[in-house]
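Just coords-v5.cif here, mmCIF, C-alpha atoms:
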```
data_entry
#
loop_
_atom_site.label_atom_id
_atom_site.label_comp_id
_atom_site.auth_asym_id
_atom_site.auth_seq_id
_atom_site.Cartn_x
_atom_site.Cartn_y
_atom_site.Cartn_z
CA MET M 224 -66.22 61.89 -0.92
CA SER M 225 -63.96 63.94 1.35
CA HIS M 226 -62.22 67.08 0.05
CA PRO M 227 -58.80 68.26 1.30
CA GLN M 228 -60.26 71.64 2.25
CA ASN M 229 -63.38 70.22 3.91
CA PRO M 230 -64.69 71.61 7.18
CA LYS M 231 -64.58 68.86 9.78
CA HIS M 232 -67.38 70.35 11.88
CA VAL M 233 -70.35 72.25 10.42
CA ALA M 234 -72.79 73.93 12.83
CA ILE M 235 -76.21 75.13 11.71
CA ILE M 236 -78.65 77.75 13.03
CA PRO M 237 -81.86 76.82 11.14
CA ASP M 238 -83.80 80.07 11.30
CA GLY M 239 -87.01 81.04 9.53
CA ASN M 240 -89.66 78.37 10.15
CA ARG M 241 -92.29 80.77 11.49
CA ARG M 242 -91.64 83.42 8.85
CA TRP M 243 -91.93 80.75 6.15
CA ALA M 244 -95.35 79.82 7.52
CA ARG M 245 -96.54 83.44 7.84
CA GLU M 246 -95.58 84.21 4.24
CA ARG M 247 -97.90 81.39 3.17
CA GLY M 248 -100.76 82.23 5.51
CA LEU M 249 -100.11 79.09 7.55
CA ALA M 250 -99.88 78.42 11.26
CA ALA M 251 -96.41 78.49 12.85
CA TRP M 252 -96.49 74.74 13.40
CA ASN M 253 -96.66 74.20 9.64
CA GLY M 254 -93.31 75.94 9.37
CA HIS M 255 -91.81 73.78 12.09
CA GLU M 256 -93.06 70.63 10.37
CA GLN M 257 -91.65 71.67 7.02
CA GLY M 258 -88.37 72.64 8.64
CA ALA M 259 -88.03 69.23 10.27
CA ARG M 260 -88.37 67.59 6.86
CA GLN M 261 -85.14 69.24 5.71
CA TRP M 262 -82.86 67.34 8.05
CA GLN M 263 -82.64 64.04 6.22
CA SER M 264 -81.47 65.65 2.99
CA ILE M 265 -78.99 67.89 4.84
CA LEU M 266 -77.60 64.92 6.75
CA ARG M 267 -77.18 62.91 3.56
CA ALA M 268 -75.50 65.87 1.87
CA ALA M 269 -73.01 66.11 4.75
CA LEU M 270 -72.27 62.39 4.49
CA GLY M 271 -71.77 62.75 0.75
CA GLU M 272 -69.33 65.63 1.24
CA GLY M 273 -67.20 63.64 3.67
CA ILE M 274 -67.94 65.87 6.67
CA THR M 275 -67.69 64.07 10.02
CA HIS M 276 -69.50 66.39 12.47
CA VAL M 277 -72.76 68.31 12.12
CA THR M 278 -74.23 70.25 15.04
CA ALA M 279 -77.66 71.84 14.77
CA TRP M 280 -79.68 74.06 17.06
CA MET M 281 -83.13 72.62 17.73
CA CYS M 282 -84.39 75.25 20.17
CA SER M 283 -83.23 77.65 22.85
CA MET M 284 -84.54 78.08 26.37
CA ASP M 285 -86.23 81.31 25.22
CA ASN M 286 -88.00 79.42 22.44
CA LEU M 287 -89.60 77.22 25.08
CA ALA M 288 -90.24 79.91 27.71
CA LYS M 289 -91.45 82.84 25.59
CA ARG M 290 -93.46 81.32 22.76
CA PRO M 291 -97.16 80.43 23.08
CA ARG M 292 -97.84 77.20 24.95
CA GLU M 293 -99.69 75.73 21.99
CA GLU M 294 -96.71 76.35 19.68
CA VAL M 295 -94.29 74.75 22.15
CA ALA M 296 -96.54 71.68 22.42
CA VAL M 297 -96.45 71.36 18.63
CA LEU M 298 -92.66 71.77 18.68
CA TYR M 299 -92.42 68.79 21.01
CA ARG M 300 -94.55 66.68 18.66
CA VAL M 301 -92.42 67.75 15.69
CA PHE M 302 -89.24 66.89 17.59
CA ALA M 303 -90.65 63.47 18.54
CA SER M 304 -91.41 62.75 14.87
CA LEU M 305 -87.92 63.93 13.92
CA PHE M 306 -86.32 61.42 16.28
CA ASP M 307 -88.56 58.66 14.93
CA GLU M 308 -87.38 59.51 11.41
CA LEU M 309 -83.74 59.61 12.48
CA ALA M 310 -84.10 56.22 14.15
CA ALA M 311 -85.44 54.77 10.90
CA LEU M 312 -82.61 56.09 8.71
CA PRO M 313 -80.60 53.19 7.22
CA GLU M 314 -77.52 55.47 7.25
CA LEU M 315 -77.65 55.46 11.04
CA ASP M 316 -76.08 52.01 10.99
CA THR M 317 -74.41 51.86 7.57
CA HIS M 318 -72.48 55.08 8.29
CA ARG M 319 -72.24 54.47 12.05
CA ILE M 320 -73.87 57.80 12.94
CA ARG M 321 -73.77 58.74 16.61
CA VAL M 322 -76.59 61.01 17.75
CA ARG M 323 -76.21 63.15 20.85
CA VAL M 324 -78.58 65.77 22.26
CA LEU M 325 -77.12 68.50 24.46
CA GLY M 326 -78.91 71.09 26.58
CA ASP M 327 -81.45 71.16 29.40
CA TRP M 328 -84.06 69.07 27.58
CA ALA M 329 -84.18 66.15 30.04
CA ALA M 330 -85.78 68.11 32.88
CA LEU M 331 -88.12 70.19 30.75
CA GLN M 332 -89.69 68.11 28.02
CA PRO M 333 -92.40 65.43 28.02
CA SER M 334 -91.52 61.75 28.31
CA SER M 335 -92.95 61.13 24.84
CA LEU M 336 -89.95 63.11 23.57
CA THR M 337 -87.25 62.41 26.15
CA ASP M 338 -87.75 58.63 25.90
CA ARG M 339 -87.11 58.81 22.15
CA ILE M 340 -84.00 60.92 22.66
CA ARG M 341 -82.53 58.58 25.26
CA ALA M 342 -83.30 55.51 23.13
CA LEU M 343 -81.57 56.96 20.07
CA GLU M 344 -78.56 58.14 22.07
CA GLU M 345 -78.19 54.69 23.63
CA ARG M 346 -78.63 52.86 20.34
CA THR M 347 -75.88 54.89 18.67
CA ARG M 348 -73.53 55.25 21.64
CA ALA M 349 -70.80 53.06 20.11
CA HIS M 350 -71.05 54.53 16.60
CA ASP M 351 -67.95 56.40 15.46
CA GLY M 352 -68.31 57.16 11.76
CA PHE M 353 -70.26 60.43 11.86
CA PHE M 354 -71.39 62.65 14.73
CA LEU M 355 -74.77 64.41 14.72
CA THR M 356 -75.24 66.70 17.71
CA LEU M 357 -78.58 68.42 18.36
CA LEU M 358 -78.79 71.35 20.77
CA ASN M 359 -82.12 71.18 22.58
CA ALA M 360 -83.17 73.70 25.24
CA TYR M 361 -79.69 75.15 24.81
CA ASP M 362 -78.09 78.55 24.75
CA GLY M 363 -74.42 79.40 24.71
CA VAL M 364 -74.62 82.06 27.41
CA SER M 365 -76.02 79.55 29.92
CA ASP M 366 -73.46 76.93 28.90
CA MET M 367 -70.58 79.38 29.35
CA THR M 368 -71.98 80.55 32.69
CA GLN M 369 -72.16 77.03 34.08
CA ALA M 370 -68.66 76.32 32.73
CA VAL M 371 -67.23 79.37 34.54
CA ARG M 372 -68.99 78.25 37.71
CA ALA M 373 -67.56 74.74 37.39
CA VAL M 374 -64.03 76.03 36.80
CA ALA M 375 -64.34 78.37 39.80
CA GLU M 376 -65.40 75.43 42.00
CA ARG M 377 -62.44 73.38 40.78
CA LYS M 378 -60.09 76.30 41.49
CA ALA M 379 -61.48 76.73 45.00
CA ALA M 380 -60.87 73.04 45.70
CA ASP M 381 -57.43 73.11 44.08
CA PRO M 382 -55.80 76.58 44.16
CA ALA M 383 -52.85 75.24 42.13
CA LEU M 384 -55.14 74.47 39.18
CA ASP M 385 -53.84 76.08 35.99
CA ILE M 386 -56.83 77.53 34.13
CA THR M 387 -56.22 77.06 30.42
CA PRO M 388 -58.46 77.03 27.35
CA ALA M 389 -58.58 73.25 27.76
CA THR M 390 -59.88 73.69 31.32
CA VAL M 391 -62.73 75.84 30.08
CA LYS M 392 -63.53 73.56 27.14
CA ASP M 393 -63.72 70.55 29.46
CA ALA M 394 -66.41 72.32 31.52
CA LEU M 395 -68.73 72.99 28.57
CA CYS M 396 -71.58 70.69 27.58
CA THR M 397 -69.92 70.64 24.13
CA ARG M 398 -66.65 69.32 25.60
CA ASP M 399 -66.54 66.35 23.21
CA LEU M 400 -67.03 68.39 20.03
CA PRO M 401 -64.17 69.68 17.89
CA PRO M 402 -64.06 73.40 17.09
CA ALA M 403 -66.69 74.48 14.56
CA ASP M 404 -65.07 75.21 11.20
CA LEU M 405 -68.18 76.52 9.46
CA VAL M 406 -71.39 77.97 10.91
CA ILE M 407 -74.40 78.26 8.60
CA ARG M 408 -77.29 80.51 9.55
CA THR M 409 -80.41 80.60 7.40
CA GLY M 410 -83.22 83.14 7.39
CA GLY M 411 -81.56 86.22 5.95
CA GLU M 412 -80.73 87.82 9.31
CA PRO M 413 -76.92 87.89 9.71
CA HIS M 414 -76.66 87.99 13.48
CA TRP M 415 -75.80 85.61 16.30
CA SER M 416 -78.28 84.24 18.83
CA ALA M 417 -77.87 83.56 22.55
CA GLY M 418 -74.14 82.89 22.30
CA PHE M 419 -74.55 79.90 19.98
CA LEU M 420 -71.41 77.75 20.44
CA MET M 421 -69.61 80.91 21.56
CA TRP M 422 -66.45 79.02 22.60
CA ASP M 423 -66.44 76.43 19.84
CA ALA M 424 -67.14 78.92 17.03
CA ALA M 425 -64.39 81.35 18.02
CA ASN M 426 -62.49 80.78 14.76
CA ALA M 427 -65.32 79.54 12.55
CA GLN M 428 -66.07 80.75 9.05
CA LEU M 429 -69.63 82.11 8.73
CA HIS M 430 -72.15 81.55 5.96
CA PHE M 431 -75.43 83.49 6.02
CA SER M 432 -78.17 82.30 3.67
CA GLU M 433 -81.12 84.45 2.63
CA LYS M 434 -83.29 81.34 2.42
CA LEU M 435 -85.66 80.50 5.24
CA TRP M 436 -84.88 77.11 6.75
CA PRO M 437 -87.81 75.20 5.17
CA ASP M 438 -86.45 76.27 1.74
CA PHE M 439 -82.82 75.44 2.53
CA GLY M 440 -81.97 72.13 0.89
CA ALA M 441 -79.06 69.81 0.14
CA ASP M 442 -77.83 71.96 -2.76
CA ASP M 443 -77.76 75.01 -0.51
CA PHE M 444 -75.76 73.08 2.08
CA ARG M 445 -73.28 71.99 -0.58
CA THR M 446 -73.01 75.61 -1.76
CA ALA M 447 -72.12 76.71 1.78
CA VAL M 448 -69.46 74.00 2.03
CA ALA M 449 -68.04 74.96 -1.39
CA ASP M 450 -67.90 78.59 -0.21
CA TYR M 451 -65.91 77.47 2.83
CA ARG M 452 -63.44 75.54 0.66
CA SER M 453 -62.87 78.60 -1.52
CA ARG M 454 -61.80 80.80 1.40
CA GLY M 455 -58.24 81.09 2.64
CA ARG M 456 -57.65 80.46 6.36
CA ARG M 457 -54.85 82.56 7.87
CA HIS M 458 -55.46 81.77 11.57
CA GLY M 459 -53.96 85.12 12.64
CA LYS M 460 -50.87 84.86 10.43
#
```

Represent the structure of the file as structure tokens.
Amino acid sequence: MSHPQNPKHVAIIPDGNRRWARERGLAAWNGHEQGARQWQSILRAALGEGITHVTAWMCSMDNLAKRPREEVAVLYRVFASLFDELAALPELDTHRIRVRVLGDWAALQPSSLTDRIRALEERTRAHDGFFLTLLNAYDGVSDMTQAVRAVAERKAADPALDITPATVKDALCTRDLPPADLVIRTGGEPHWSAGFLMWDAANAQLHFSEKLWPDFGADDFRTAVADYRSRGRRHGK
């Protein structure tokens, strides 16, 4: 059920998989597997709260470039399983969920993963009831850099171009997303990472959870949304 003070767009930085595993004497991939299991319950909680857009960070470029090769290979297998599970969700069709994956994943990741992503994007292309966006091989600094480059090229071709916030937004890979109303970061470290949605989160409310992502469940998500509803929004007034 929707609430009059609901956030329309909730973005999530799901931090803490590896720390969760280390605390239990497990390999990092165990943390990634457990973290992936959280998404179905979070998605269902968002549907139950009447939220229409959820955006989640899967991995950054640094995650893929700087972590051990064996861990990255496991990440790809975990991601492939995640897309299989999303494809099997009955809510995908009953709630007309559109799934989109943004970032530089297409050129970097194995076909066993990219084929699943493309298939799910194509299957849900016409859905318009709920929008799940996954940021894969993404970072906000790179997205903003390419947007500035694109705007500069447009300006060079058309010196009369009026550069407005809408011009910049249209050049981002997140051009079709509404502004983020609420950003949730798990893991107990209240900081930003790699310019996550730096343009789209300019006026977002922030919720930092002490829980590591594999321990962050549907009730925690609902708590974050309730916290958002309880806050007043002045928008500079």

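If you measure from each of M:Leu305, M:Ala424, M:Leu266, M:Leu336 to Ile320 (chain M) using all atoms listed in the file, the closest one turns out to be M:Leu266.
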
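Comparing M:Glu294, M:Asp238, M:Glu308, M:Asp316 by their smallest distance to Arg260 (chain M), the closest is M:Glu308 (using only C-alpha atoms).
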
Proximity of region 303-413 of chain M to region 435-447 of chain M: per-residue shortest pair, 8 Å limit, only C-alpha atoms, as a Markdown table:
```
| residue | atom | partner | partner_atom | distance |
| --- | --- | --- | --- | --- |
| M:Ile407 | CA | M:Ala447 | CA | 7.4 |
| M:Thr409 | CA | M:Leu435 | CA | 5.7 |
| M:Gly410 | CA | M:Leu435 | CA | 4.2 |
| M:Gly411 | CA | M:Leu435 | CA | 7.1 |
```

Can those selected residues be exported to a file as a CSV table (one decimal), in the coordinates of the input so that it contains C-alpha atoms?
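For reference, again36.csv as written:
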```csv
chain,number,residue,atom,x,y,z
M,407,ILE,CA,-74.4,78.3,8.6
M,409,THR,CA,-80.4,80.6,7.4
M,410,GLY,CA,-83.2,83.1,7.4
M,411,GLY,CA,-81.6,86.2,6.0
```

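Computed from the coordinates, the CA of Leu395 (chain M) to CA of Leu325 (chain M) distance equals 10.4 Å.
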
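Around Pro401 (chain M), within 12 Å and counting all atoms listed in the file, the residues found are Pro230, Lys231, His232, Val233, Ala234, Thr275, His276, Val277, Thr278, Phe354, Thr356, Ala389, Lys392, Asp393, Thr397, Leu405, Leu420, Trp422, Asp423, Ala424, Ala425, Asn426 and Ala427 of chain M, once anything fewer than 4 positions away on its own chain is removed.
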